[in-house]
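Asks: Please find coords02.csv (CSV, C-alpha atoms (C1' of nucleotides)) on the next line:
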```
chain,number,residue,atom,x,y,z
A,1,MET,CA,190.2,-151.4,57.0
A,2,TYR,CA,192.2,-150.6,53.9
A,3,ARG,CA,192.7,-147.8,51.5
A,4,ILE,CA,191.2,-148.6,48.1
A,5,ASN,CA,193.9,-147.0,46.0
A,6,SER,CA,196.9,-148.4,48.0
A,7,GLY,CA,199.0,-151.3,46.9
A,8,MET,CA,199.1,-150.7,43.2
A,9,GLY,CA,202.7,-151.8,43.0
A,10,HIS,CA,203.4,-153.2,39.6
A,11,ARG,CA,200.3,-153.2,37.5
A,12,PRO,CA,197.9,-150.6,36.3
A,13,PRO,CA,194.8,-150.5,38.7
A,14,VAL,CA,192.2,-150.8,36.0
A,15,ARG,CA,189.3,-148.7,37.3
A,16,MET,CA,191.3,-145.7,38.2
A,17,LEU,CA,193.3,-145.8,35.0
A,18,SER,CA,190.2,-145.9,33.0
A,19,ALA,CA,188.9,-142.8,34.6
A,20,TRP,CA,192.2,-141.2,34.0
A,21,VAL,CA,192.4,-142.1,30.4
A,22,ARG,CA,188.8,-140.9,29.9
A,23,LEU,CA,189.6,-137.6,31.4
A,24,GLN,CA,192.5,-137.2,28.9
A,25,ARG,CA,190.5,-138.2,25.9
A,26,VAL,CA,187.2,-136.5,26.6
A,27,SER,CA,188.6,-133.2,27.8
A,28,GLN,CA,190.9,-133.1,24.8
A,29,ARG,CA,188.2,-134.0,22.4
A,30,VAL,CA,185.5,-131.7,23.7
A,31,LEU,CA,187.9,-128.8,24.1
A,32,SER,CA,189.2,-129.1,20.6
A,33,ALA,CA,185.7,-129.6,19.2
A,34,VAL,CA,184.7,-126.3,20.7
A,35,GLU,CA,187.8,-124.7,19.4
A,36,SER,CA,187.2,-125.7,15.9
A,37,ASP,CA,183.5,-124.7,16.0
A,38,LEU,CA,184.8,-121.2,17.0
A,39,LYS,CA,187.5,-121.2,14.3
A,40,ALA,CA,185.0,-122.4,11.7
A,41,ALA,CA,182.8,-119.4,12.6
A,42,GLY,CA,185.7,-117.1,12.0
A,43,TYR,CA,186.5,-116.3,15.6
A,44,PRO,CA,189.7,-116.4,17.6
A,45,PRO,CA,190.4,-119.2,20.1
A,46,LEU,CA,188.6,-119.8,23.3
A,47,ALA,CA,191.4,-118.3,25.5
A,48,TRP,CA,190.8,-115.0,23.9
A,49,TYR,CA,187.2,-115.0,24.9
A,50,ASP,CA,188.1,-116.0,28.5
A,51,VAL,CA,190.7,-113.2,28.8
A,52,LEU,CA,188.3,-110.6,27.5
A,53,LEU,CA,185.5,-111.8,29.7
A,54,GLN,CA,187.8,-111.4,32.8
A,55,LEU,CA,188.9,-108.0,31.6
A,56,LYS,CA,185.3,-106.9,31.1
A,57,GLY,CA,184.5,-108.0,34.6
A,58,ALA,CA,187.3,-105.9,35.9
A,59,GLY,CA,186.0,-102.8,34.1
A,60,ALA,CA,188.1,-99.7,33.6
A,61,ASP,CA,190.4,-100.6,36.4
A,62,GLY,CA,191.8,-103.4,34.3
A,63,LEU,CA,193.7,-106.4,35.7
A,64,ARG,CA,197.4,-107.2,36.3
A,65,PRO,CA,198.7,-110.1,34.2
A,66,LEU,CA,199.4,-111.8,37.5
A,67,ALA,CA,195.8,-111.8,38.4
A,68,LEU,CA,194.7,-113.2,35.0
A,69,GLN,CA,197.4,-115.8,35.3
A,70,SER,CA,196.1,-117.3,38.5
A,71,GLU,CA,192.5,-116.9,37.5
A,72,MET,CA,193.0,-118.8,34.2
A,73,LEU,CA,195.7,-121.1,35.4
A,74,LEU,CA,197.9,-120.1,32.5
A,75,LYS,CA,201.7,-120.1,32.6
A,76,GLN,CA,203.4,-116.7,32.8
A,77,TYR,CA,205.1,-116.8,29.4
A,78,ASN,CA,202.0,-118.1,27.6
A,79,LEU,CA,199.9,-115.3,29.0
A,80,SER,CA,202.5,-112.8,28.1
A,81,ARG,CA,202.4,-113.8,24.5
A,82,LEU,CA,198.7,-114.2,24.4
A,83,LEU,CA,198.4,-110.6,25.5
A,84,ASP,CA,200.9,-109.6,22.8
A,85,ARG,CA,198.6,-111.1,20.1
A,86,MET,CA,195.4,-109.7,21.5
A,87,GLU,CA,197.0,-106.3,21.9
A,88,GLY,CA,198.1,-106.6,18.3
A,89,GLU,CA,194.5,-107.0,17.3
A,90,ARG,CA,193.5,-104.0,19.4
A,91,TYR,CA,191.3,-106.1,21.7
A,92,LEU,CA,193.1,-104.9,24.8
A,93,GLU,CA,195.6,-102.3,25.9
A,94,ARG,CA,198.6,-102.5,28.3
A,95,GLN,CA,198.9,-99.5,30.5
A,96,PRO,CA,201.8,-98.7,32.9
A,97,CYS,CA,201.1,-99.7,36.5
A,98,PRO,CA,201.4,-96.8,39.0
A,99,GLU,CA,201.9,-98.9,42.1
A,100,ASP,CA,204.5,-101.2,40.6
A,101,GLY,CA,206.9,-100.1,37.9
A,102,ARG,CA,207.6,-103.7,36.9
A,103,GLY,CA,203.9,-104.5,36.3
A,104,GLN,CA,201.2,-103.3,34.0
A,105,ILE,CA,197.5,-103.0,33.8
A,106,VAL,CA,195.6,-104.7,31.1
A,107,VAL,CA,192.3,-103.1,30.0
A,108,ILE,CA,189.8,-104.2,27.4
A,109,THR,CA,189.1,-101.9,24.5
A,110,PRO,CA,185.8,-101.1,22.8
A,111,ASP,CA,186.9,-103.5,20.0
A,112,GLY,CA,187.4,-106.2,22.7
A,113,GLN,CA,183.9,-105.5,24.0
A,114,ARG,CA,182.4,-105.8,20.6
A,115,LEU,CA,184.3,-109.1,20.0
A,116,LEU,CA,182.9,-110.5,23.2
A,117,THR,CA,179.4,-109.7,22.2
A,118,ARG,CA,179.7,-111.0,18.7
A,119,MET,CA,181.4,-114.2,19.8
A,120,TRP,CA,179.0,-115.2,22.4
A,121,PRO,CA,176.3,-116.8,20.2
A,122,ALA,CA,178.9,-119.0,18.4
A,123,TYR,CA,180.6,-119.9,21.7
A,124,GLU,CA,177.3,-120.7,23.4
A,125,ALA,CA,176.2,-122.9,20.5
A,126,ALA,CA,179.5,-124.7,20.6
A,127,ILE,CA,179.4,-125.4,24.3
A,128,GLN,CA,175.8,-126.4,24.1
A,129,ARG,CA,176.4,-128.8,21.2
A,130,GLN,CA,179.7,-130.3,22.4
A,131,PHE,CA,179.1,-130.3,26.1
A,132,ALA,CA,175.9,-129.2,27.8
A,133,ALA,CA,173.6,-131.2,25.5
A,134,GLN,CA,175.1,-134.4,26.7
A,135,LEU,CA,174.3,-133.8,30.4
A,136,THR,CA,171.3,-133.1,32.5
A,137,ALA,CA,171.5,-130.2,35.0
A,138,GLU,CA,172.2,-132.6,37.8
A,139,GLU,CA,175.0,-134.3,36.0
A,140,THR,CA,176.5,-131.0,35.1
A,141,ALA,CA,176.5,-130.0,38.7
A,142,GLN,CA,178.0,-133.3,39.8
A,143,LEU,CA,180.7,-133.0,37.2
A,144,ALA,CA,181.6,-129.6,38.4
A,145,ARG,CA,181.8,-130.8,41.9
A,146,LEU,CA,184.1,-133.7,41.0
A,147,LEU,CA,186.4,-131.6,38.9
A,148,ALA,CA,186.7,-129.0,41.7
A,149,LYS,CA,188.2,-131.7,43.9
A,150,LEU,CA,191.0,-132.1,41.3
A,151,LEU,CA,192.3,-128.6,41.9
A,152,PRO,CA,195.0,-128.3,44.5
A,153,ARG,CA,194.6,-126.3,47.7
B,1,MET,CA,157.4,-129.1,31.0
B,2,TYR,CA,160.5,-127.4,29.9
B,3,ARG,CA,164.1,-128.2,29.1
B,4,ILE,CA,166.5,-126.9,31.7
B,5,ASN,CA,169.1,-125.7,29.3
B,6,SER,CA,166.9,-124.1,26.8
B,7,GLY,CA,166.3,-120.4,26.4
B,8,MET,CA,169.8,-119.2,27.1
B,9,GLY,CA,169.5,-116.5,24.5
B,10,HIS,CA,171.8,-113.6,25.3
B,11,ARG,CA,173.6,-114.2,28.6
B,12,PRO,CA,175.8,-116.9,29.9
B,13,PRO,CA,173.8,-119.5,31.9
B,14,VAL,CA,175.9,-119.5,35.0
B,15,ARG,CA,175.8,-123.0,36.3
B,16,MET,CA,176.5,-124.7,33.0
B,17,LEU,CA,179.2,-122.2,32.2
B,18,SER,CA,181.0,-122.8,35.5
B,19,ALA,CA,181.1,-126.6,34.8
B,20,TRP,CA,182.4,-125.9,31.4
B,21,VAL,CA,185.1,-123.6,32.6
B,22,ARG,CA,186.1,-126.0,35.3
B,23,LEU,CA,186.5,-128.8,32.7
B,24,GLN,CA,188.8,-126.6,30.7
B,25,ARG,CA,190.9,-125.5,33.7
B,26,VAL,CA,191.1,-128.7,35.6
B,27,SER,CA,191.8,-131.0,32.7
B,28,GLN,CA,194.4,-128.7,31.3
B,29,ARG,CA,196.1,-128.3,34.7
B,30,VAL,CA,196.0,-132.0,35.7
B,31,LEU,CA,197.2,-133.1,32.4
B,32,SER,CA,200.1,-130.7,32.2
B,33,ALA,CA,201.0,-131.5,35.8
B,34,VAL,CA,201.3,-135.2,35.0
B,35,GLU,CA,203.3,-134.3,31.9
B,36,SER,CA,205.8,-132.3,33.8
B,37,ASP,CA,206.1,-134.9,36.5
B,38,LEU,CA,207.1,-137.3,33.7
B,39,LYS,CA,209.4,-134.9,32.1
B,40,ALA,CA,211.1,-134.1,35.4
B,41,ALA,CA,211.7,-137.8,35.8
B,42,GLY,CA,213.5,-137.8,32.5
B,43,TYR,CA,210.8,-139.6,30.5
B,44,PRO,CA,209.0,-138.8,27.2
B,45,PRO,CA,205.5,-137.4,27.1
B,46,LEU,CA,202.4,-139.2,28.1
B,47,ALA,CA,201.3,-139.9,24.5
B,48,TRP,CA,204.3,-142.1,24.0
B,49,TYR,CA,203.3,-144.3,26.9
B,50,ASP,CA,199.8,-144.6,25.6
B,51,VAL,CA,200.9,-145.6,22.1
B,52,LEU,CA,203.4,-148.1,23.5
B,53,LEU,CA,200.7,-149.6,25.7
B,54,GLN,CA,198.3,-150.0,22.8
B,55,LEU,CA,201.1,-151.6,20.7
B,56,LYS,CA,202.0,-153.9,23.5
B,57,GLY,CA,198.4,-155.0,23.8
B,58,ALA,CA,198.4,-155.8,20.0
B,59,GLY,CA,201.5,-158.0,20.4
B,60,ALA,CA,203.5,-159.1,17.4
B,61,ASP,CA,200.7,-158.4,15.0
B,62,GLY,CA,201.1,-154.8,15.6
B,63,LEU,CA,198.5,-152.1,14.8
B,64,ARG,CA,197.6,-150.0,11.8
B,65,PRO,CA,198.0,-146.2,12.5
B,66,LEU,CA,194.3,-145.9,11.7
B,67,ALA,CA,193.5,-148.1,14.6
B,68,LEU,CA,195.7,-146.2,17.0
B,69,GLN,CA,194.2,-143.0,15.7
B,70,SER,CA,190.6,-143.9,16.6
B,71,GLU,CA,191.6,-145.5,19.8
B,72,MET,CA,193.5,-142.5,21.0
B,73,LEU,CA,191.4,-139.8,19.4
B,74,LEU,CA,194.4,-138.3,17.7
B,75,LYS,CA,194.5,-136.5,14.5
B,76,GLN,CA,196.0,-138.2,11.5
B,77,TYR,CA,198.9,-135.9,11.0
B,78,ASN,CA,199.8,-135.7,14.7
B,79,LEU,CA,199.9,-139.5,15.0
B,80,SER,CA,202.0,-139.7,11.8
B,81,ARG,CA,204.7,-137.4,13.3
B,82,LEU,CA,204.4,-138.9,16.8
B,83,LEU,CA,205.3,-142.3,15.2
B,84,ASP,CA,208.2,-140.6,13.4
B,85,ARG,CA,209.7,-139.4,16.6
B,86,MET,CA,209.1,-142.7,18.4
B,87,GLU,CA,210.5,-144.7,15.5
B,88,GLY,CA,213.5,-142.4,15.6
B,89,GLU,CA,214.1,-143.4,19.2
B,90,ARG,CA,213.7,-147.1,18.3
B,91,TYR,CA,210.7,-147.6,20.5
B,92,LEU,CA,208.6,-148.9,17.6
B,93,GLU,CA,209.0,-150.1,14.0
B,94,ARG,CA,206.9,-149.5,10.9
B,95,GLN,CA,206.5,-152.5,8.7
B,96,PRO,CA,204.8,-152.8,5.3
B,97,CYS,CA,201.2,-153.9,5.4
B,98,PRO,CA,200.6,-157.0,3.2
B,99,GLU,CA,196.8,-156.4,2.9
B,100,ASP,CA,197.1,-152.8,2.0
B,101,GLY,CA,200.0,-151.2,0.1
B,102,ARG,CA,199.1,-147.8,1.3
B,103,GLY,CA,199.1,-148.8,4.9
B,104,GLN,CA,201.6,-150.0,7.4
B,105,ILE,CA,201.9,-152.0,10.5
B,106,VAL,CA,203.3,-150.5,13.7
B,107,VAL,CA,205.0,-152.9,16.1
B,108,ILE,CA,206.6,-152.2,19.5
B,109,THR,CA,210.3,-153.0,19.8
B,110,PRO,CA,212.1,-154.5,22.8
B,111,ASP,CA,213.4,-151.0,23.6
B,112,GLY,CA,209.7,-149.9,23.6
B,113,GLN,CA,208.8,-152.7,26.0
B,114,ARG,CA,211.6,-151.7,28.3
B,115,LEU,CA,210.5,-148.1,28.2
B,116,LEU,CA,207.0,-149.0,29.2
B,117,THR,CA,208.3,-151.0,32.2
B,118,ARG,CA,210.6,-148.3,33.3
B,119,MET,CA,208.1,-145.5,32.9
B,120,TRP,CA,205.3,-147.1,34.7
B,121,PRO,CA,206.4,-146.3,38.3
B,122,ALA,CA,206.9,-142.6,37.5
B,123,TYR,CA,203.6,-142.4,35.6
B,124,GLU,CA,201.7,-144.2,38.3
B,125,ALA,CA,203.1,-141.9,40.9
B,126,ALA,CA,202.1,-138.8,38.8
B,127,ILE,CA,198.6,-140.0,38.2
B,128,GLN,CA,198.2,-140.9,41.8
B,129,ARG,CA,199.5,-137.6,43.0
B,130,GLN,CA,197.7,-135.3,40.6
B,131,PHE,CA,194.5,-137.2,40.1
B,132,ALA,CA,193.7,-140.3,42.0
B,133,ALA,CA,194.6,-139.1,45.5
B,134,GLN,CA,192.0,-136.3,45.2
B,135,LEU,CA,189.1,-138.7,44.7
B,136,THR,CA,187.5,-141.7,46.4
B,137,ALA,CA,186.8,-144.8,44.5
B,138,GLU,CA,183.2,-143.9,44.1
B,139,GLU,CA,184.0,-140.4,42.9
B,140,THR,CA,186.4,-141.8,40.4
B,141,ALA,CA,183.7,-144.1,39.0
B,142,GLN,CA,181.2,-141.3,38.9
B,143,LEU,CA,183.6,-139.1,37.1
B,144,ALA,CA,184.3,-141.8,34.5
B,145,ARG,CA,180.6,-142.3,34.0
B,146,LEU,CA,180.0,-138.6,33.4
B,147,LEU,CA,182.9,-138.1,31.1
B,148,ALA,CA,181.7,-141.1,29.1
B,149,LYS,CA,178.5,-139.2,28.3
B,150,LEU,CA,180.5,-136.4,26.7
B,151,LEU,CA,181.8,-138.7,24.0
B,152,PRO,CA,179.7,-138.8,20.8
B,153,ARG,CA,178.1,-141.9,19.5
C,1,DC,C1',221.9,-96.9,51.8
C,2,DA,C1',224.6,-100.5,49.1
C,3,DA,C1',224.3,-105.1,48.0
C,4,DA,C1',221.7,-109.3,47.7
C,5,DT,C1',217.5,-111.3,46.8
C,6,DA,C1',213.0,-111.6,45.0
C,7,DT,C1',209.2,-110.5,41.8
C,8,DA,C1',206.8,-109.0,37.3
C,9,DT,C1',207.0,-109.5,32.7
C,10,DA,C1',209.5,-110.4,28.1
C,11,DT,C1',212.0,-113.2,24.8
C,12,DG,C1',215.2,-116.6,21.9
C,13,DC,C1',214.9,-121.2,20.7
C,14,DG,C1',213.3,-125.7,19.6
C,15,DC,C1',209.5,-128.9,19.5
C,16,DC,C1',204.5,-129.8,18.7
C,17,DT,C1',200.0,-128.8,16.5
C,18,DG,C1',196.7,-127.4,12.9
C,19,DC,C1',195.8,-126.6,8.2
C,20,DA,C1',196.3,-127.6,3.5
C,21,DT,C1',198.0,-130.3,0.3
C,22,DC,C1',200.7,-134.2,-1.6
C,23,DT,C1',201.6,-139.1,-3.0
C,24,DA,C1',200.6,-143.6,-3.5
C,25,DA,C1',197.5,-147.4,-3.4
C,26,DT,C1',192.7,-149.1,-3.5
C,27,DT,C1',187.9,-149.4,-4.7
C,28,DG,C1',184.1,-148.5,-7.6
C,29,DT,C1',182.0,-147.6,-12.3
C,30,DC,C1',181.1,-148.3,-16.9
D,1,DG,C1',190.6,-153.0,-17.7
D,2,DA,C1',190.8,-147.7,-17.9
D,3,DC,C1',189.3,-143.8,-15.3
D,4,DA,C1',187.3,-141.5,-11.4
D,5,DA,C1',186.7,-141.3,-6.7
D,6,DT,C1',188.3,-142.7,-2.2
D,7,DT,C1',191.4,-143.8,1.4
D,8,DA,C1',196.1,-144.3,4.1
D,9,DG,C1',199.6,-141.9,5.3
D,10,DA,C1',203.3,-137.9,4.8
D,11,DT,C1',204.8,-133.2,4.7
D,12,DG,C1',205.7,-127.8,4.2
D,13,DC,C1',204.5,-124.0,6.6
D,14,DA,C1',202.9,-120.9,10.2
D,15,DG,C1',201.7,-120.4,14.7
D,16,DG,C1',201.5,-121.9,19.9
D,17,DC,C1',203.9,-123.8,23.9
D,18,DG,C1',207.6,-125.2,27.3
D,19,DC,C1',212.1,-124.1,28.9
D,20,DA,C1',215.6,-121.3,30.2
D,21,DT,C1',217.0,-117.0,30.7
D,22,DA,C1',216.9,-111.8,30.3
D,23,DT,C1',215.5,-107.2,32.0
D,24,DA,C1',213.7,-104.1,35.0
D,25,DT,C1',211.9,-102.8,39.3
D,26,DA,C1',210.9,-103.8,44.3
D,27,DT,C1',212.0,-105.6,48.8
D,28,DT,C1',215.0,-107.1,52.3
D,29,DT,C1',219.3,-107.2,54.9
D,30,DG,C1',223.5,-105.9,57.0
```
Represent the structure of the file as structure tokens.
Replies:
Amino acid sequence: MYRINSGMGHRPPVRMLSAWVRLQRVSQRVLSAVESDLKAAGYPPLAWYDVLLQLKGAGADGLRPLALQSEMLLKQYNLSRLLDRMEGERYLERQPCPEDGRGQIVVITPDGQRLLTRMWPAYEAAIQRQFAAQLTAEETAQLARLLAKLLPR
Amino acid sequence: MYRINSGMGHRPPVRMLSAWVRLQRVSQRVLSAVESDLKAAGYPPLAWYDVLLQLKGAGADGLRPLALQSEMLLKQYNLSRLLDRMEGERYLERQPCPEDGRGQIVVITPDGQRLLTRMWPAYEAAIQRQFAAQLTAEETAQLARLLAKLLPR
DNA sequence: CAAATATATATGCGCCTGCATCTAATTGTC
DNA sequence: GACAATTAGATGCAGGCGCATATATATTTG
């Protein structure tokens, strides 16, 4: 009995590498295709939608940046500046956090809610075109399952 | 008979969206984890390795940027500047192209060859740790197959 | 409770990316 | 063969990201 992936000492193990390369290429391409569909429709980037959707889910209580961070797997400094930009466009508000003076509470504004609603059709069409249309329901589920295994913990 | 993914008119279809979100999160996270492993080991980014590997495969004939572009699914201006940087570090050379005065031929240098060789162990370890170790051989193959369906053509 | 340490978020700086546009060479048209 | 259209590649500019570090508050420790 031997481990399939062992013993790759000095040369690229072809099958594994090809899957790896494909993950790079495909994810980058599909992601950026959806991004430019959105941009072409005059909307802000994907990440903005994601943040607003999370905030909407949290309702009036809002969310701490820390929570958003781990949810969205963003780096702290990136989220901080993303919130800057979105706050600048009045899609969200930062409020002081009563339980922790260092922290803050981020809340979606009515403008943010409206943006979510307006954006969805364009976003949906983009996902559909660039992603969902290429897969059957089963394949989609399989893909989700496999990807989940790639997350630590 | 009906199409599974049709009729998602005004609300996110949950299963499909979750696969989509996972693709975003996972690919971004795994990619950037490998990048920082490489950086931590003192090496240049992943894309440099990829370019050099392609160039090595092309041998002394080299490759036109156009060919690299479509192979690696890079945008023209990004590749152009990537080649600038790599040429600056003497990992490759740009030579005039005899068949087309507008074009050029990119060739790997001995320094580039050495970098490839030195980088591989770190790169391999990173891929192994962040990607391959989470999947069985079958899962890897399945993932590759599903991802392939997401590429146009 | 003072001092040390840890945590939440912000920010200056340099590199990378996208967009639009530029330049130079090639191909097609009459 | 002159002129228009196309193609290969480069580049100025603005914005996003990573890194290191700053700032302010919270928690722990002696």
Asks: With all Cα atoms paired residue by residue, do a least-squares superposition of chain B on chain A and hand back the transformed coordinates as a short mmCIF file (atom, residue, chain, number, x, y, z; two decimals) with C-alpha atoms, in the frame of the given file.
Replies:
```cif
data_model
loop_
_atom_site.label_atom_id
_atom_site.label_comp_id
_atom_site.auth_asym_id
_atom_site.auth_seq_id
_atom_site.Cartn_x
_atom_site.Cartn_y
_atom_site.Cartn_z
CA MET B 1 190.53 -151.17 57.17
CA TYR B 2 192.37 -150.43 54.04
CA ARG B 3 192.72 -147.68 51.47
CA ILE B 4 191.14 -148.57 48.16
CA ASN B 5 193.86 -147.15 46.02
CA SER B 6 196.79 -148.40 47.89
CA GLY B 7 198.97 -151.32 46.93
CA MET B 8 199.01 -150.78 43.21
CA GLY B 9 202.60 -151.86 42.99
CA HIS B 10 203.39 -153.24 39.55
CA ARG B 11 200.25 -153.28 37.39
CA PRO B 12 197.81 -150.69 36.30
CA PRO B 13 194.76 -150.58 38.63
CA VAL B 14 192.10 -150.85 36.00
CA ARG B 15 189.23 -148.81 37.25
CA MET B 16 191.26 -145.77 38.23
CA LEU B 17 193.23 -145.97 35.03
CA SER B 18 190.10 -146.01 32.87
CA ALA B 19 188.82 -142.80 34.59
CA TRP B 20 192.13 -141.23 34.05
CA VAL B 21 192.27 -142.13 30.42
CA ARG B 22 188.75 -140.96 29.88
CA LEU B 23 189.62 -137.55 31.41
CA GLN B 24 192.49 -137.21 28.99
CA ARG B 25 190.46 -138.26 25.93
CA VAL B 26 187.22 -136.55 26.63
CA SER B 27 188.61 -133.23 27.76
CA GLN B 28 191.00 -133.07 24.89
CA ARG B 29 188.28 -133.97 22.36
CA VAL B 30 185.57 -131.65 23.77
CA LEU B 31 187.90 -128.82 24.06
CA SER B 32 189.31 -129.09 20.58
CA ALA B 33 185.80 -129.56 19.21
CA VAL B 34 184.66 -126.28 20.74
CA GLU B 35 187.83 -124.65 19.43
CA SER B 36 187.21 -125.71 15.91
CA ASP B 37 183.58 -124.74 16.07
CA LEU B 38 184.83 -121.24 16.96
CA LYS B 39 187.44 -121.22 14.35
CA ALA B 40 185.00 -122.38 11.68
CA ALA B 41 182.83 -119.45 12.64
CA GLY B 42 185.71 -117.15 11.94
CA TYR B 43 186.52 -116.30 15.57
CA PRO B 44 189.75 -116.40 17.64
CA PRO B 45 190.48 -119.17 20.10
CA LEU B 46 188.67 -119.79 23.29
CA ALA B 47 191.43 -118.28 25.48
CA TRP B 48 190.82 -114.91 23.95
CA TYR B 49 187.19 -114.98 25.01
CA ASP B 50 188.12 -115.95 28.50
CA VAL B 51 190.68 -113.16 28.89
CA LEU B 52 188.25 -110.62 27.43
CA LEU B 53 185.56 -111.77 29.84
CA GLN B 54 187.84 -111.44 32.84
CA LEU B 55 188.91 -107.94 31.65
CA LYS B 56 185.35 -106.94 31.13
CA GLY B 57 184.49 -108.04 34.64
CA ALA B 58 187.39 -105.83 35.97
CA GLY B 59 185.99 -102.78 34.12
CA ALA B 60 188.08 -99.68 33.64
CA ASP B 61 190.47 -100.59 36.39
CA GLY B 62 191.74 -103.36 34.34
CA LEU B 63 193.74 -106.36 35.65
CA ARG B 64 197.38 -107.13 36.31
CA PRO B 65 198.66 -110.09 34.15
CA LEU B 66 199.45 -111.83 37.43
CA ALA B 67 195.83 -111.80 38.31
CA LEU B 68 194.73 -113.15 34.97
CA GLN B 69 197.42 -115.76 35.24
CA SER B 70 196.14 -117.27 38.51
CA GLU B 71 192.59 -116.92 37.49
CA MET B 72 193.06 -118.74 34.25
CA LEU B 73 195.76 -121.15 35.33
CA LEU B 74 198.03 -120.06 32.53
CA LYS B 75 201.70 -120.01 32.51
CA GLN B 76 203.48 -116.70 32.72
CA TYR B 77 205.10 -116.78 29.35
CA ASN B 78 202.00 -118.05 27.53
CA LEU B 79 199.85 -115.26 28.99
CA SER B 80 202.56 -112.70 28.09
CA ARG B 81 202.44 -113.72 24.38
CA LEU B 82 198.66 -114.22 24.37
CA LEU B 83 198.37 -110.52 25.46
CA ASP B 84 200.82 -109.59 22.69
CA ARG B 85 198.66 -111.10 20.05
CA MET B 86 195.45 -109.68 21.51
CA GLU B 87 196.99 -106.24 21.91
CA GLY B 88 198.09 -106.51 18.30
CA GLU B 89 194.48 -106.99 17.28
CA ARG B 90 193.41 -104.01 19.44
CA TYR B 91 191.21 -106.07 21.68
CA LEU B 92 193.05 -104.91 24.81
CA GLU B 93 195.58 -102.28 25.91
CA ARG B 94 198.54 -102.47 28.28
CA GLN B 95 198.95 -99.47 30.48
CA PRO B 96 201.73 -98.65 32.96
CA CYS B 97 201.04 -99.67 36.52
CA PRO B 98 201.40 -96.69 38.94
CA GLU B 99 201.90 -98.92 42.05
CA ASP B 100 204.48 -101.11 40.48
CA GLY B 101 206.96 -100.06 37.78
CA ARG B 102 207.60 -103.58 36.79
CA GLY B 103 203.98 -104.35 36.29
CA GLN B 104 201.25 -103.26 33.99
CA ILE B 105 197.57 -102.91 33.78
CA VAL B 106 195.56 -104.70 31.09
CA VAL B 107 192.31 -103.06 30.03
CA ILE B 108 189.73 -104.23 27.46
CA THR B 109 189.13 -101.90 24.52
CA PRO B 110 185.81 -101.14 22.82
CA ASP B 111 186.87 -103.47 19.99
CA GLY B 112 187.36 -106.15 22.72
CA GLN B 113 183.88 -105.50 24.08
CA ARG B 114 182.42 -105.83 20.63
CA LEU B 115 184.28 -109.06 20.07
CA LEU B 116 182.91 -110.55 23.22
CA THR B 117 179.34 -109.67 22.17
CA ARG B 118 179.76 -111.02 18.74
CA MET B 119 181.46 -114.21 19.81
CA TRP B 120 179.06 -115.17 22.45
CA PRO B 121 176.35 -116.75 20.22
CA ALA B 122 178.89 -118.95 18.41
CA TYR B 123 180.59 -119.95 21.67
CA GLU B 124 177.33 -120.69 23.39
CA ALA B 125 176.24 -122.83 20.52
CA ALA B 126 179.59 -124.78 20.60
CA ILE B 127 179.46 -125.37 24.30
CA GLN B 128 175.88 -126.42 24.10
CA ARG B 129 176.50 -128.76 21.25
CA GLN B 130 179.70 -130.38 22.44
CA PHE B 131 179.14 -130.34 26.16
CA ALA B 132 175.94 -129.21 27.68
CA ALA B 133 173.52 -131.15 25.48
CA GLN B 134 175.13 -134.43 26.61
CA LEU B 135 174.33 -133.86 30.28
CA THR B 136 171.34 -133.12 32.50
CA ALA B 137 171.44 -130.32 34.93
CA GLU B 138 172.18 -132.64 37.77
CA GLU B 139 174.97 -134.37 35.89
CA THR B 140 176.48 -131.05 35.06
CA ALA B 141 176.51 -130.07 38.74
CA GLN B 142 177.95 -133.39 39.74
CA LEU B 143 180.64 -133.09 37.18
CA ALA B 144 181.57 -129.60 38.41
CA ARG B 145 181.70 -130.86 41.96
CA LEU B 146 184.05 -133.70 41.05
CA LEU B 147 186.34 -131.65 38.92
CA ALA B 148 186.56 -129.14 41.76
CA LYS B 149 188.15 -131.84 43.93
CA LEU B 150 190.96 -132.27 41.41
CA LEU B 151 192.18 -128.74 41.97
CA PRO B 152 194.88 -128.36 44.67
CA ARG B 153 194.44 -126.27 47.72
#
```
Asks: Kindly provide the residues of chain B that approach chain D to within 9 Å, each paired with its closest atom pair and their distance in Å to one decimal, based on all atoms listed in the file, listed by chain and increasing number, as CSV.
Replies:
```
residue,atom,partner,partner_atom,distance
B:Pro65,CA,D:DG9,C1',8.5
B:Leu66,CA,D:DA8,C1',8.0
B:Gln76,CA,D:DG9,C1',8.1
B:Tyr77,CA,D:DA10,C1',7.9
B:Ser80,CA,D:DG9,C1',7.3
B:Arg81,CA,D:DA10,C1',8.6
B:Asp100,CA,D:DA8,C1',8.8
B:Gly101,CA,D:DA8,C1',8.9
B:Arg102,CA,D:DA8,C1',5.4
B:Gly103,CA,D:DA8,C1',5.5
B:Gln104,CA,D:DA8,C1',8.6
```
Asks: Counting all atoms listed in the file, which residues from chain A have an atom at most 9 Å from any atom of chain B, and could you show them as an MDAnalysis selection string?
Replies: chainID A and resid 4:5 8:12 15:20 22:31 72:74 120:121 124 127:128 130:137 139:152
Asks: Please indicate the distance in Å from atom C1' of DC15 of chain C to atom CA of Pro110 of chain B, rounded to one decimal place.
Replies: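 Going from atom C1' of DC15 of chain C over to atom CA of Pro110 of chain B, I get 25.9 Å.
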Asks: Between C:DC13, C:DA8, C:DA24, C:DC30, single out the one closest to chain A, counting only C-alpha atoms (C1' of nucleotides).
Replies: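 Counting only C-alpha atoms (C1' of nucleotides), the residue closest to chain A is C:DA8.
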Asks: Of the candidates C:DC16, C:DT29, C:DA10, C:DT21, which shows the shortest atom-to-atom distance to chain B, using all atoms listed in the file?
Replies: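 Once distances to chain B are computed over all atoms listed in the file, the minimum belongs to C:DC16.
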